[in-house]
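Chemist: Sharing my_file02.txt below, compact mmCIF, C-alpha atoms:
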```
# COMPACT_ATOMS: atom_id res chain seq x y z
CA MET A 260 -2.59 5.59 2.91
CA LYS A 261 -4.74 2.88 4.42
CA PHE A 262 -6.15 2.46 7.89
CA ILE A 263 -8.37 -0.42 8.95
CA VAL A 264 -11.05 1.14 11.10
CA GLU A 265 -13.49 -0.73 13.34
CA ASP A 266 -16.07 0.90 15.55
CA ALA A 267 -15.91 -0.95 18.88
CA GLU A 268 -18.77 1.01 20.51
CA THR A 269 -16.71 2.45 23.41
CA HIS A 270 -13.83 3.42 21.15
CA LEU A 271 -12.50 3.37 17.63
CA GLN A 272 -9.98 0.65 16.73
CA ILE A 273 -7.61 1.72 14.02
CA LYS A 274 -4.94 -0.51 12.53
CA VAL A 275 -2.04 1.31 10.90
CA THR A 276 -1.00 -0.62 7.78
CA GLU A 277 2.00 1.47 6.77
CA ALA A 278 5.33 -0.20 7.65
CA ARG A 279 7.14 3.14 7.82
CA ILE A 280 5.84 6.45 9.18
CA ASP A 281 8.59 8.74 7.94
CA ALA A 282 9.13 12.04 6.16
CA ALA A 283 7.85 10.53 2.90
CA ILE A 284 4.31 10.07 4.27
CA ALA A 285 4.05 12.01 7.54
CA THR A 286 1.78 14.74 6.17
CA PRO A 287 -0.82 12.55 4.38
CA PHE A 288 -0.67 10.14 7.33
CA LYS A 289 -1.52 12.95 9.73
CA ASP A 290 -4.28 14.39 7.54
CA LYS A 291 -6.00 11.07 6.93
CA LEU A 292 -5.80 9.86 10.53
CA ARG A 293 -6.99 13.22 11.84
CA GLU A 294 -9.95 13.09 9.48
CA ILE A 295 -10.91 9.65 10.83
CA VAL A 296 -10.64 10.55 14.51
CA MET A 297 -12.39 13.92 14.12
CA LYS A 298 -15.33 12.37 12.32
CA ASN A 299 -15.96 9.75 15.00
CA ARG A 300 -15.40 11.68 18.24
CA LYS A 301 -14.49 8.63 20.29
CA PRO A 302 -11.41 7.47 22.18
CA VAL A 303 -8.93 5.96 19.73
CA HIS A 304 -6.97 2.72 20.01
CA LEU A 305 -4.21 2.59 17.42
CA ASP A 306 -2.79 -0.82 16.55
CA MET A 307 0.89 -0.21 15.75
CA THR A 308 1.92 -3.84 15.15
CA ALA A 309 2.66 -3.33 11.46
CA VAL A 310 4.84 -0.24 11.90
CA ASP A 311 8.55 -1.17 11.75
CA PHE A 312 9.98 2.31 11.61
CA MET A 313 9.05 5.82 12.66
CA ASP A 314 11.14 9.00 12.64
CA SER A 315 10.59 12.42 14.23
CA SER A 316 8.29 13.55 11.42
CA GLY A 317 6.13 10.49 12.11
CA LEU A 318 6.17 11.32 15.81
CA GLY A 319 5.12 14.88 14.96
CA ALA A 320 2.19 13.49 12.98
CA MET A 321 1.08 11.34 15.93
CA ILE A 322 1.30 14.32 18.28
CA ALA A 323 -0.72 16.46 15.87
CA VAL A 324 -3.47 13.83 15.76
CA ARG A 325 -3.40 13.55 19.56
CA LYS A 326 -3.83 17.32 19.81
CA SER A 327 -6.79 17.31 17.47
CA LEU A 328 -8.69 15.07 19.91
CA PRO A 329 -10.41 16.80 22.83
CA ALA A 330 -8.57 16.21 26.14
CA ASN A 331 -11.30 13.89 27.45
CA LEU A 332 -10.88 11.47 24.53
CA LYS A 333 -7.96 9.12 24.97
CA MET A 334 -5.50 8.01 22.33
CA VAL A 335 -4.07 4.59 23.15
CA LEU A 336 -1.10 3.16 21.26
CA CYS A 337 -0.98 -0.63 21.25
CA ALA A 338 1.74 -3.14 20.41
CA MET A 339 4.51 -0.82 19.29
CA THR A 340 7.60 -2.46 17.80
CA PRO A 341 10.97 -1.68 19.52
CA ASN A 342 12.10 0.87 16.90
CA VAL A 343 8.89 2.85 17.28
CA GLU A 344 8.85 2.57 21.06
CA ARG A 345 12.40 3.98 21.18
CA VAL A 346 11.32 7.24 19.52
CA PHE A 347 8.51 7.77 22.06
CA ARG A 348 10.79 6.89 24.98
CA LEU A 349 13.77 9.07 23.99
CA THR A 350 11.56 12.11 23.36
CA ARG A 351 9.58 11.46 26.60
CA MET A 352 6.40 11.35 24.56
CA ASP A 353 5.71 7.99 26.21
CA SER A 354 4.36 10.05 29.11
CA VAL A 355 1.89 11.89 26.88
CA PHE A 356 0.34 8.87 25.14
CA ASP A 357 -1.27 5.88 26.75
CA ILE A 358 1.05 3.10 25.56
CA ARG A 359 0.14 -0.55 25.95
CA PRO A 360 2.38 -3.47 25.04
CA GLU A 361 -0.35 -5.91 24.08
CA ALA A 362 -2.06 -6.19 20.75
CA ILE A 363 -5.64 -5.01 20.55
CA HIS A 364 -7.96 -7.62 21.90
CA LYS A 365 -10.09 -8.98 19.10
CA GLU A 366 -13.53 -9.82 20.25
CA ALA A 367 -15.37 -12.66 18.62
CA ARG A 368 -17.62 -11.09 16.11
CA GLU A 369 -19.54 -13.91 14.55
CA MET B 673 26.48 -6.61 21.75
CA THR B 674 24.83 -9.44 19.92
CA ALA B 675 26.68 -12.66 19.15
CA GLY B 676 27.35 -11.46 15.59
CA GLU B 677 28.72 -8.14 16.83
CA THR B 678 31.04 -9.84 19.37
CA ARG B 679 32.34 -12.43 16.92
CA GLN B 680 33.26 -9.68 14.51
CA ALA B 681 34.73 -7.42 17.17
CA VAL B 682 37.34 -9.88 18.44
CA SER B 683 38.59 -10.62 14.96
CA VAL B 684 39.12 -7.03 13.90
CA GLY B 685 42.62 -5.62 13.55
CA PHE B 686 44.27 -3.30 11.09
CA THR B 687 45.12 -6.16 8.80
CA ASP B 688 41.61 -7.41 8.35
CA ALA B 689 39.82 -4.07 8.54
CA CYS B 690 39.20 -4.42 4.82
CA LYS B 691 36.91 -7.36 5.54
CA GLN B 692 34.54 -5.19 7.52
CA PRO B 693 31.15 -4.78 5.93
CA MET B 694 30.46 -1.31 4.65
CA PHE B 695 27.76 0.58 2.83
CA HIS B 696 28.31 3.41 0.41
CA ARG B 697 25.67 5.30 -1.56
CA VAL B 698 25.31 8.52 -3.51
CA LEU B 699 21.68 9.62 -3.54
CA ASN B 700 19.32 12.48 -4.20
CA ALA B 701 17.96 14.02 -1.01
CA GLN B 702 14.32 13.03 -1.52
CA PRO B 703 12.23 11.20 1.08
CA LEU B 704 11.45 8.11 -1.03
CA THR B 705 15.08 7.76 -2.12
CA VAL B 706 16.15 8.10 1.52
CA ARG B 707 13.70 5.35 2.40
CA ASP B 708 15.09 2.98 -0.27
CA THR B 709 18.64 3.71 0.84
CA LEU B 710 17.83 2.86 4.45
CA THR B 711 16.19 -0.40 3.39
CA ASP B 712 19.28 -1.37 1.36
CA MET B 713 21.61 -0.40 4.21
CA ARG B 714 19.64 -2.51 6.66
CA ARG B 715 19.96 -5.48 4.30
CA ARG B 716 23.72 -4.96 3.98
CA PHE B 717 24.35 -5.08 7.73
CA ALA B 718 21.64 -7.55 8.75
CA ALA B 719 24.04 -10.48 9.29
CA ASP B 720 26.74 -8.57 11.20
CA VAL B 721 25.00 -5.90 13.24
CA GLY B 722 22.37 -6.43 15.93
CA GLU B 723 18.81 -5.24 15.51
CA ASP B 724 19.07 -2.65 18.29
CA THR B 725 22.18 -1.03 16.79
CA LEU B 726 20.67 -1.17 13.31
CA GLY B 727 17.49 0.49 14.59
CA ARG B 728 19.48 3.37 16.12
CA LEU B 729 21.58 3.76 12.96
CA GLU B 730 18.49 3.81 10.76
CA LEU B 731 16.79 6.47 12.89
CA VAL B 732 19.83 8.79 12.93
CA LEU B 733 20.37 8.48 9.17
CA ALA B 734 16.67 9.05 8.45
CA GLU B 735 16.71 12.23 10.56
CA LEU B 736 19.88 13.57 8.92
CA MET B 737 19.04 12.73 5.31
CA ASN B 738 15.44 13.92 5.54
CA ASN B 739 16.69 17.18 7.06
CA VAL B 740 18.81 17.68 3.94
CA ALA B 741 15.75 16.96 1.78
CA GLU B 742 13.49 19.25 3.78
CA HIS B 743 15.91 22.17 3.69
CA ALA B 744 16.76 21.87 0.02
CA PRO B 745 18.04 25.21 -1.24
CA ALA B 746 15.85 27.31 -3.47
CA ALA B 747 17.55 28.09 -6.76
CA GLY B 748 16.94 29.74 -10.06
CA ARG B 749 14.56 32.45 -11.14
CA ARG B 750 11.46 30.35 -10.73
CA ASN B 751 12.55 29.51 -7.21
CA GLU B 752 12.46 25.78 -7.80
CA ALA B 753 14.19 23.83 -5.08
CA ARG B 754 17.42 22.18 -6.18
CA VAL B 755 17.67 18.61 -4.92
CA PRO B 756 20.90 18.21 -2.92
CA VAL B 757 23.06 15.15 -3.46
CA ILE B 758 24.07 13.12 -0.38
CA HIS B 759 27.12 10.88 -0.11
CA LEU B 760 26.73 8.31 2.65
CA CYS B 761 29.33 5.89 3.93
CA VAL B 762 28.91 3.52 6.89
CA VAL B 763 31.68 1.16 8.00
CA ARG B 764 31.51 -1.38 10.76
CA HIS B 765 34.42 -1.27 13.21
CA LYS B 766 35.14 -2.94 16.50
CA SER B 767 32.92 -0.87 18.77
CA GLY B 768 30.26 0.37 16.43
CA LEU B 769 29.42 1.85 13.06
CA ALA B 770 31.46 4.78 11.75
CA CYS B 771 29.36 7.05 9.54
CA ALA B 772 30.29 9.86 7.18
CA LEU B 773 27.65 11.90 5.45
CA THR B 774 28.18 14.83 3.11
CA ASP B 775 25.72 16.91 1.10
CA ASP B 776 25.64 20.02 -1.05
CA GLY B 777 22.53 21.49 0.60
CA VAL B 778 22.32 24.61 2.73
CA SER B 779 24.74 24.89 5.63
CA LEU B 780 23.63 23.67 9.03
CA PRO B 781 22.69 26.29 11.60
CA ASP B 782 25.33 26.24 14.37
CA ASP B 783 22.89 25.24 17.09
CA CYS B 784 22.11 21.88 15.43
CA VAL B 785 25.37 20.41 16.64
CA LEU B 786 25.46 22.18 20.00
CA PRO B 787 24.13 20.22 22.98
CA ARG B 788 20.38 20.57 23.08
CA SER B 789 17.43 19.46 25.12
CA LEU B 790 13.96 18.35 24.20
CA PRO B 791 11.38 20.97 23.24
CA PRO B 792 9.23 21.71 26.31
CA ALA B 793 6.28 19.33 26.60
CA ILE B 794 3.52 21.78 27.47
CA PRO B 795 0.44 19.57 27.92
CA GLU B 796 -2.00 22.02 26.29
CA ASP B 797 0.28 22.71 23.37
CA LEU B 798 2.60 19.79 22.71
CA PRO B 799 5.48 20.37 20.32
CA GLU B 800 5.06 18.70 16.92
CA GLY B 801 8.66 19.13 15.87
CA GLY B 802 12.13 19.92 17.15
CA PHE B 803 12.91 16.32 18.08
CA GLY B 804 15.20 15.42 15.19
CA TRP B 805 18.49 16.92 16.35
CA PHE B 806 17.82 15.83 19.91
CA LEU B 807 17.53 12.22 18.70
CA ILE B 808 20.63 12.56 16.50
CA GLN B 809 22.70 13.89 19.38
CA ASP B 810 21.33 11.36 21.82
CA LEU B 811 22.08 8.33 19.63
CA THR B 812 25.49 9.31 18.22
CA GLN B 813 29.01 9.58 19.63
CA ALA B 814 31.77 11.93 18.48
CA LEU B 815 29.46 13.92 16.22
CA SER B 816 31.46 16.44 14.24
CA TYR B 817 30.51 18.88 11.52
CA TYR B 818 32.21 21.25 9.16
CA ARG B 819 31.34 23.02 5.95
CA ARG B 820 33.83 23.40 3.15
CA GLU B 821 32.98 25.27 -0.03
CA SER B 822 29.51 24.09 -1.01
CA ARG B 823 29.34 20.89 1.05
CA ASN B 824 28.40 19.88 4.57
CA TYR B 825 30.50 17.14 6.21
CA LEU B 826 29.21 15.18 9.16
CA ALA B 827 30.93 12.29 10.89
CA PHE B 828 29.85 10.27 13.92
CA ASN B 829 29.80 6.86 15.51
CA ILE B 830 26.85 4.64 16.43
CA PRO B 831 28.04 2.43 19.32
CA PHE B 832 27.06 -1.22 19.68
CA GLU B 833 26.46 -0.81 23.36
CA THR B 834 24.97 2.26 24.93
CA GLU B 835 25.80 1.76 28.60
CA GLY B 836 22.22 1.88 29.73
CA LYS B 837 21.63 5.20 28.02
CA VAL B 838 19.16 4.10 25.38
```
Since I need it in another form, could you write the structure as structure tokens?
Modeler:
Amino acid sequence: MKFIVEDAETHLQIKVTEARIDAAIATPFKDKLREIVMKNRKPVHLDMTAVDFMDSSGLGAMIAVRKSLPANLKMVLCAMTPNVERVFRLTRMDSVFDIRPEAIHKEARE
Amino acid sequence: MTAGETRQAVSVGFTDACKQPMFHRVLNAQPLTVRDTLTDMRRRFAADVGEDTLGRLELVLAELMNNVAEHAPAAGRRNEARVPVIHLCVVRHKSGLACALTDDGVSLPDDCVLPRSLPPAIPEDLPEGGFGWFLIQDLTQALSYYRRESRNYLAFNIPFETEGKV
């Protein structure tokens, strides 16, 4: 389970590298991501570009991570692929998360 | 419908039904095996079925097969779970994908196949589960279920077009 984490001062940028968030990995995915967001106590921007598929257990994991953040810290989901977006839309969870179509803006770092 | 789906649809009759692409697999109900099966199925239909339809099919099959894995029956004195065996068959026809899925796991509770709504989204305590059967029912047509002897039998259709529903 690998996440690419960057601290962007105002928030934490996390790139999900798993192509599938399904029943095979939902529990370790949730545990690892929750550990990262709890440790940093910042709003979270998740880059979902690499995720091709997510099922209801993956959705459950995302909701669990969202719930582990205090209400004042946002969780933004960026650049979801159509198959992932469908799961959020059909379950109405698109109203619970802050969903943005664009990829995370990469600031020049050099 | 995508161009591939339309081209196929107009050419289908009883006589050439045997030319329709299909996918058949017997597999152990385990999450990684389910994952491999879905990847192979996607590859089989990639040329003939549009991405949107394939995405809906993949989601429904993942929900159903992982349910079988999750609710594997306990067996034996040491209470080890017995891994159920799933038979999956998907055939493309003129308006969608006809699916049949059987398994020798525990029987489905009746309310799975009854019309259901989403779990309530209470902002302070969001549900983390209970979405699976809602998604299955929402994305399938003509879902039917019966149990005979030690097997569950499920059949349903995944339409090409969803009339603005999805």
Chemist: Please, which residues in chain A fall within 10 Å of chain B when counting all atoms listed in the file, and what is the closest atom pair and distance in Å to one decimal for each, ordered by chain then residue number, as JSON lines?
Modeler:
```
{"residue": "A:Arg279", "atom": "CA", "partner": "B:Arg707", "partner_atom": "CA", "distance": 8.8}
{"residue": "A:Asp281", "atom": "CA", "partner": "B:Ala734", "partner_atom": "CA", "distance": 8.1}
{"residue": "A:Ala282", "atom": "CA", "partner": "B:Pro703", "partner_atom": "CA", "distance": 6.0}
{"residue": "A:Ala283", "atom": "CA", "partner": "B:Pro703", "partner_atom": "CA", "distance": 4.8}
{"residue": "A:Ile284", "atom": "CA", "partner": "B:Pro703", "partner_atom": "CA", "distance": 8.6}
{"residue": "A:Asp311", "atom": "CA", "partner": "B:Gly727", "partner_atom": "CA", "distance": 9.5}
{"residue": "A:Phe312", "atom": "CA", "partner": "B:Leu731", "partner_atom": "CA", "distance": 8.1}
{"residue": "A:Met313", "atom": "CA", "partner": "B:Leu731", "partner_atom": "CA", "distance": 7.8}
{"residue": "A:Asp314", "atom": "CA", "partner": "B:Leu731", "partner_atom": "CA", "distance": 6.2}
{"residue": "A:Ser315", "atom": "CA", "partner": "B:Gly804", "partner_atom": "CA", "distance": 5.6}
{"residue": "A:Ser316", "atom": "CA", "partner": "B:Gly801", "partner_atom": "CA", "distance": 7.1}
{"residue": "A:Gly317", "atom": "CA", "partner": "B:Glu800", "partner_atom": "CA", "distance": 9.6}
{"residue": "A:Leu318", "atom": "CA", "partner": "B:Glu800", "partner_atom": "CA", "distance": 7.5}
{"residue": "A:Gly319", "atom": "CA", "partner": "B:Glu800", "partner_atom": "CA", "distance": 4.3}
{"residue": "A:Ala320", "atom": "CA", "partner": "B:Glu800", "partner_atom": "CA", "distance": 7.1}
{"residue": "A:Met321", "atom": "CA", "partner": "B:Glu800", "partner_atom": "CA", "distance": 8.4}
{"residue": "A:Ile322", "atom": "CA", "partner": "B:Glu800", "partner_atom": "CA", "distance": 5.9}
{"residue": "A:Ala323", "atom": "CA", "partner": "B:Glu800", "partner_atom": "CA", "distance": 6.3}
{"residue": "A:Val324", "atom": "CA", "partner": "B:Glu800", "partner_atom": "CA", "distance": 9.9}
{"residue": "A:Arg325", "atom": "CA", "partner": "B:Leu798", "partner_atom": "CA", "distance": 9.2}
{"residue": "A:Lys326", "atom": "CA", "partner": "B:Leu798", "partner_atom": "CA", "distance": 7.5}
{"residue": "A:Ala330", "atom": "CA", "partner": "B:Glu796", "partner_atom": "CA", "distance": 8.8}
{"residue": "A:Pro341", "atom": "CA", "partner": "B:Asp724", "partner_atom": "CA", "distance": 8.3}
{"residue": "A:Asn342", "atom": "CA", "partner": "B:Gly727", "partner_atom": "CA", "distance": 5.9}
{"residue": "A:Val343", "atom": "CA", "partner": "B:Gly727", "partner_atom": "CA", "distance": 9.3}
{"residue": "A:Arg345", "atom": "CA", "partner": "B:Val838", "partner_atom": "CA", "distance": 8.0}
{"residue": "A:Val346", "atom": "CA", "partner": "B:Leu807", "partner_atom": "CA", "distance": 8.0}
{"residue": "A:Arg348", "atom": "CA", "partner": "B:Val838", "partner_atom": "CA", "distance": 8.8}
{"residue": "A:Leu349", "atom": "CA", "partner": "B:Leu807", "partner_atom": "CA", "distance": 7.2}
{"residue": "A:Thr350", "atom": "CA", "partner": "B:Leu790", "partner_atom": "CA", "distance": 6.7}
{"residue": "A:Arg351", "atom": "CA", "partner": "B:Leu790", "partner_atom": "CA", "distance": 8.5}
{"residue": "A:Met352", "atom": "CA", "partner": "B:Ala793", "partner_atom": "CA", "distance": 8.2}
{"residue": "A:Ser354", "atom": "CA", "partner": "B:Ala793", "partner_atom": "CA", "distance": 9.8}
{"residue": "A:Val355", "atom": "CA", "partner": "B:Pro795", "partner_atom": "CA", "distance": 7.9}
```
Chemist: Between atom CA of A:Glu277 and atom CA of B:Ala719, what is the spacing in Å?
Modeler: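 Going from atom CA of B:Ala719 over to atom CA of A:Glu277 covers 25.2 Å.
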Chemist: Just the residues within 9 Å of A:Met339, please, counting all atoms listed in the file, with nothing from its chain fewer than 3 positions along; format it as a PDB file with C-alpha atoms, keeping the file's coordinate frame.
Modeler:
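Generated file (result.pdb):
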```pdb
ATOM      1  CA  ASP A 306      -2.790  -0.820  16.550  1.00  0.00           C
ATOM      2  CA  MET A 307       0.890  -0.210  15.750  1.00  0.00           C
ATOM      3  CA  THR A 308       1.920  -3.840  15.150  1.00  0.00           C
ATOM      4  CA  ALA A 309       2.660  -3.330  11.460  1.00  0.00           C
ATOM      5  CA  VAL A 310       4.840  -0.240  11.900  1.00  0.00           C
ATOM      6  CA  ASP A 311       8.550  -1.170  11.750  1.00  0.00           C
ATOM      7  CA  LEU A 336      -1.100   3.160  21.260  1.00  0.00           C
ATOM      8  CA  ASN A 342      12.100   0.870  16.900  1.00  0.00           C
ATOM      9  CA  VAL A 343       8.890   2.850  17.280  1.00  0.00           C
ATOM     10  CA  GLU A 344       8.850   2.570  21.060  1.00  0.00           C
ATOM     11  CA  ILE A 358       1.050   3.100  25.560  1.00  0.00           C
ATOM     12  CA  ARG A 359       0.140  -0.550  25.950  1.00  0.00           C
ATOM     13  CA  PRO A 360       2.380  -3.470  25.040  1.00  0.00           C
ATOM     14  CA  GLU A 361      -0.350  -5.910  24.080  1.00  0.00           C
ATOM     15  CA  ALA A 362      -2.060  -6.190  20.750  1.00  0.00           C
TER      16      ALA A 362
END
```
Chemist: Quick one: residues within 8 Å of B:Arg697, all atoms listed in the file counted, chain neighbours fewer than 4 positions away excluded, as a PDB file with C-alpha atoms, in the frame of the given file?
Modeler:
```
ATOM      1  CA  THR B 709      18.640   3.710   0.840  1.00  0.00           C
ATOM      2  CA  HIS B 759      27.120  10.880  -0.110  1.00  0.00           C
ATOM      3  CA  LEU B 760      26.730   8.310   2.650  1.00  0.00           C
ATOM      4  CA  CYS B 761      29.330   5.890   3.930  1.00  0.00           C
TER       5      CYS B 761
END
```
Chemist: Considering all atoms listed in the file, return as a ChimeraX atom specification whatever protein or nucleic-acid residues lie within 7 Å of stretch 766-772 of chain B, sequence-local ones (same chain, fewer than 3 positions apart) excluded.
Modeler: /B:681,684,760-763,826-832
Chemist: Could you check how far atom CA of B:Thr774 sits from atom CA of B:His743, in Å to one decimal?
Modeler: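 Taking atom CA of B:Thr774 as the start and atom CA of B:His743 as the end point, the length is 14.3 Å.
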Chemist: So the first atom is atom CA of A:Thr286 and the second is atom CA of B:Val740; what is the distance between them in Å, to one decimal place?
Modeler: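 Pair atom CA of A:Thr286 / atom CA of B:Val740 returns 17.4 Å.
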Chemist: Complete stretch 712-727 of chain B with N, CA, C and O atoms (output as an mmCIF file, keeping the file's coordinate frame).
Modeler:
```
data_model
loop_
_atom_site.group_PDB
_atom_site.id
_atom_site.type_symbol
_atom_site.label_atom_id
_atom_site.label_comp_id
_atom_site.auth_asym_id
_atom_site.auth_seq_id
_atom_site.Cartn_x
_atom_site.Cartn_y
_atom_site.Cartn_z
ATOM 1 N N ASP B 712 18.110 -0.677 1.900
ATOM 2 C CA ASP B 712 19.280 -1.370 1.360
ATOM 3 C C ASP B 712 20.394 -1.481 2.413
ATOM 4 O O ASP B 712 21.059 -2.506 2.530
ATOM 5 N N MET B 713 20.569 -0.398 3.176
ATOM 6 C CA MET B 713 21.610 -0.400 4.210
ATOM 7 C C MET B 713 21.327 -1.451 5.280
ATOM 8 O O MET B 713 22.209 -2.182 5.713
ATOM 9 N N ARG B 714 20.071 -1.519 5.670
ATOM 10 C CA ARG B 714 19.640 -2.510 6.660
ATOM 11 C C ARG B 714 19.969 -3.931 6.171
ATOM 12 O O ARG B 714 20.459 -4.769 6.921
ATOM 13 N N ARG B 715 19.707 -4.160 4.886
ATOM 14 C CA ARG B 715 19.960 -5.480 4.300
ATOM 15 C C ARG B 715 21.464 -5.775 4.318
ATOM 16 O O ARG B 715 21.886 -6.881 4.633
ATOM 17 N N ARG B 716 22.276 -4.771 4.017
ATOM 18 C CA ARG B 716 23.720 -4.960 3.980
ATOM 19 C C ARG B 716 24.286 -5.401 5.328
ATOM 20 O O ARG B 716 25.160 -6.261 5.414
ATOM 21 N N PHE B 717 23.782 -4.816 6.410
ATOM 22 C CA PHE B 717 24.350 -5.080 7.730
ATOM 23 C C PHE B 717 23.593 -6.147 8.529
ATOM 24 O O PHE B 717 23.997 -6.470 9.650
ATOM 25 N N ALA B 718 22.528 -6.672 7.976
ATOM 26 C CA ALA B 718 21.640 -7.550 8.750
ATOM 27 C C ALA B 718 22.370 -8.713 9.419
ATOM 28 O O ALA B 718 22.063 -9.072 10.558
ATOM 29 N N ALA B 719 23.373 -9.298 8.747
ATOM 30 C CA ALA B 719 24.040 -10.480 9.290
ATOM 31 C C ALA B 719 25.082 -10.136 10.358
ATOM 32 O O ALA B 719 25.444 -10.990 11.170
ATOM 33 N N ASP B 720 25.583 -8.904 10.364
ATOM 34 C CA ASP B 720 26.740 -8.570 11.200
ATOM 35 C C ASP B 720 26.443 -7.573 12.323
ATOM 36 O O ASP B 720 27.283 -7.344 13.179
ATOM 37 N N VAL B 721 25.310 -6.941 12.276
ATOM 38 C CA VAL B 721 25.000 -5.900 13.240
ATOM 39 C C VAL B 721 23.649 -6.227 13.885
ATOM 40 O O VAL B 721 22.700 -6.602 13.198
ATOM 41 N N GLY B 722 23.588 -6.091 15.211
ATOM 42 C CA GLY B 722 22.370 -6.430 15.930
ATOM 43 C C GLY B 722 21.214 -5.503 15.609
ATOM 44 O O GLY B 722 21.410 -4.374 15.165
ATOM 45 N N GLU B 723 20.025 -5.980 15.856
ATOM 46 C CA GLU B 723 18.810 -5.240 15.510
ATOM 47 C C GLU B 723 18.728 -3.904 16.256
ATOM 48 O O GLU B 723 18.316 -2.893 15.699
ATOM 49 N N ASP B 724 19.152 -3.889 17.521
ATOM 50 C CA ASP B 724 19.070 -2.650 18.290
ATOM 51 C C ASP B 724 19.982 -1.572 17.691
ATOM 52 O O ASP B 724 19.580 -0.431 17.493
ATOM 53 N N THR B 725 21.222 -1.968 17.381
ATOM 54 C CA THR B 725 22.180 -1.030 16.790
ATOM 55 C C THR B 725 21.685 -0.556 15.419
ATOM 56 O O THR B 725 21.731 0.634 15.095
ATOM 57 N N LEU B 726 21.178 -1.491 14.647
ATOM 58 C CA LEU B 726 20.670 -1.170 13.310
ATOM 59 C C LEU B 726 19.488 -0.204 13.398
ATOM 60 O O LEU B 726 19.363 0.725 12.591
ATOM 61 N N GLY B 727 18.644 -0.400 14.387
ATOM 62 C CA GLY B 727 17.490 0.490 14.590
ATOM 63 C C GLY B 727 17.930 1.910 14.910
ATOM 64 O O GLY B 727 17.370 2.878 14.391
#
```
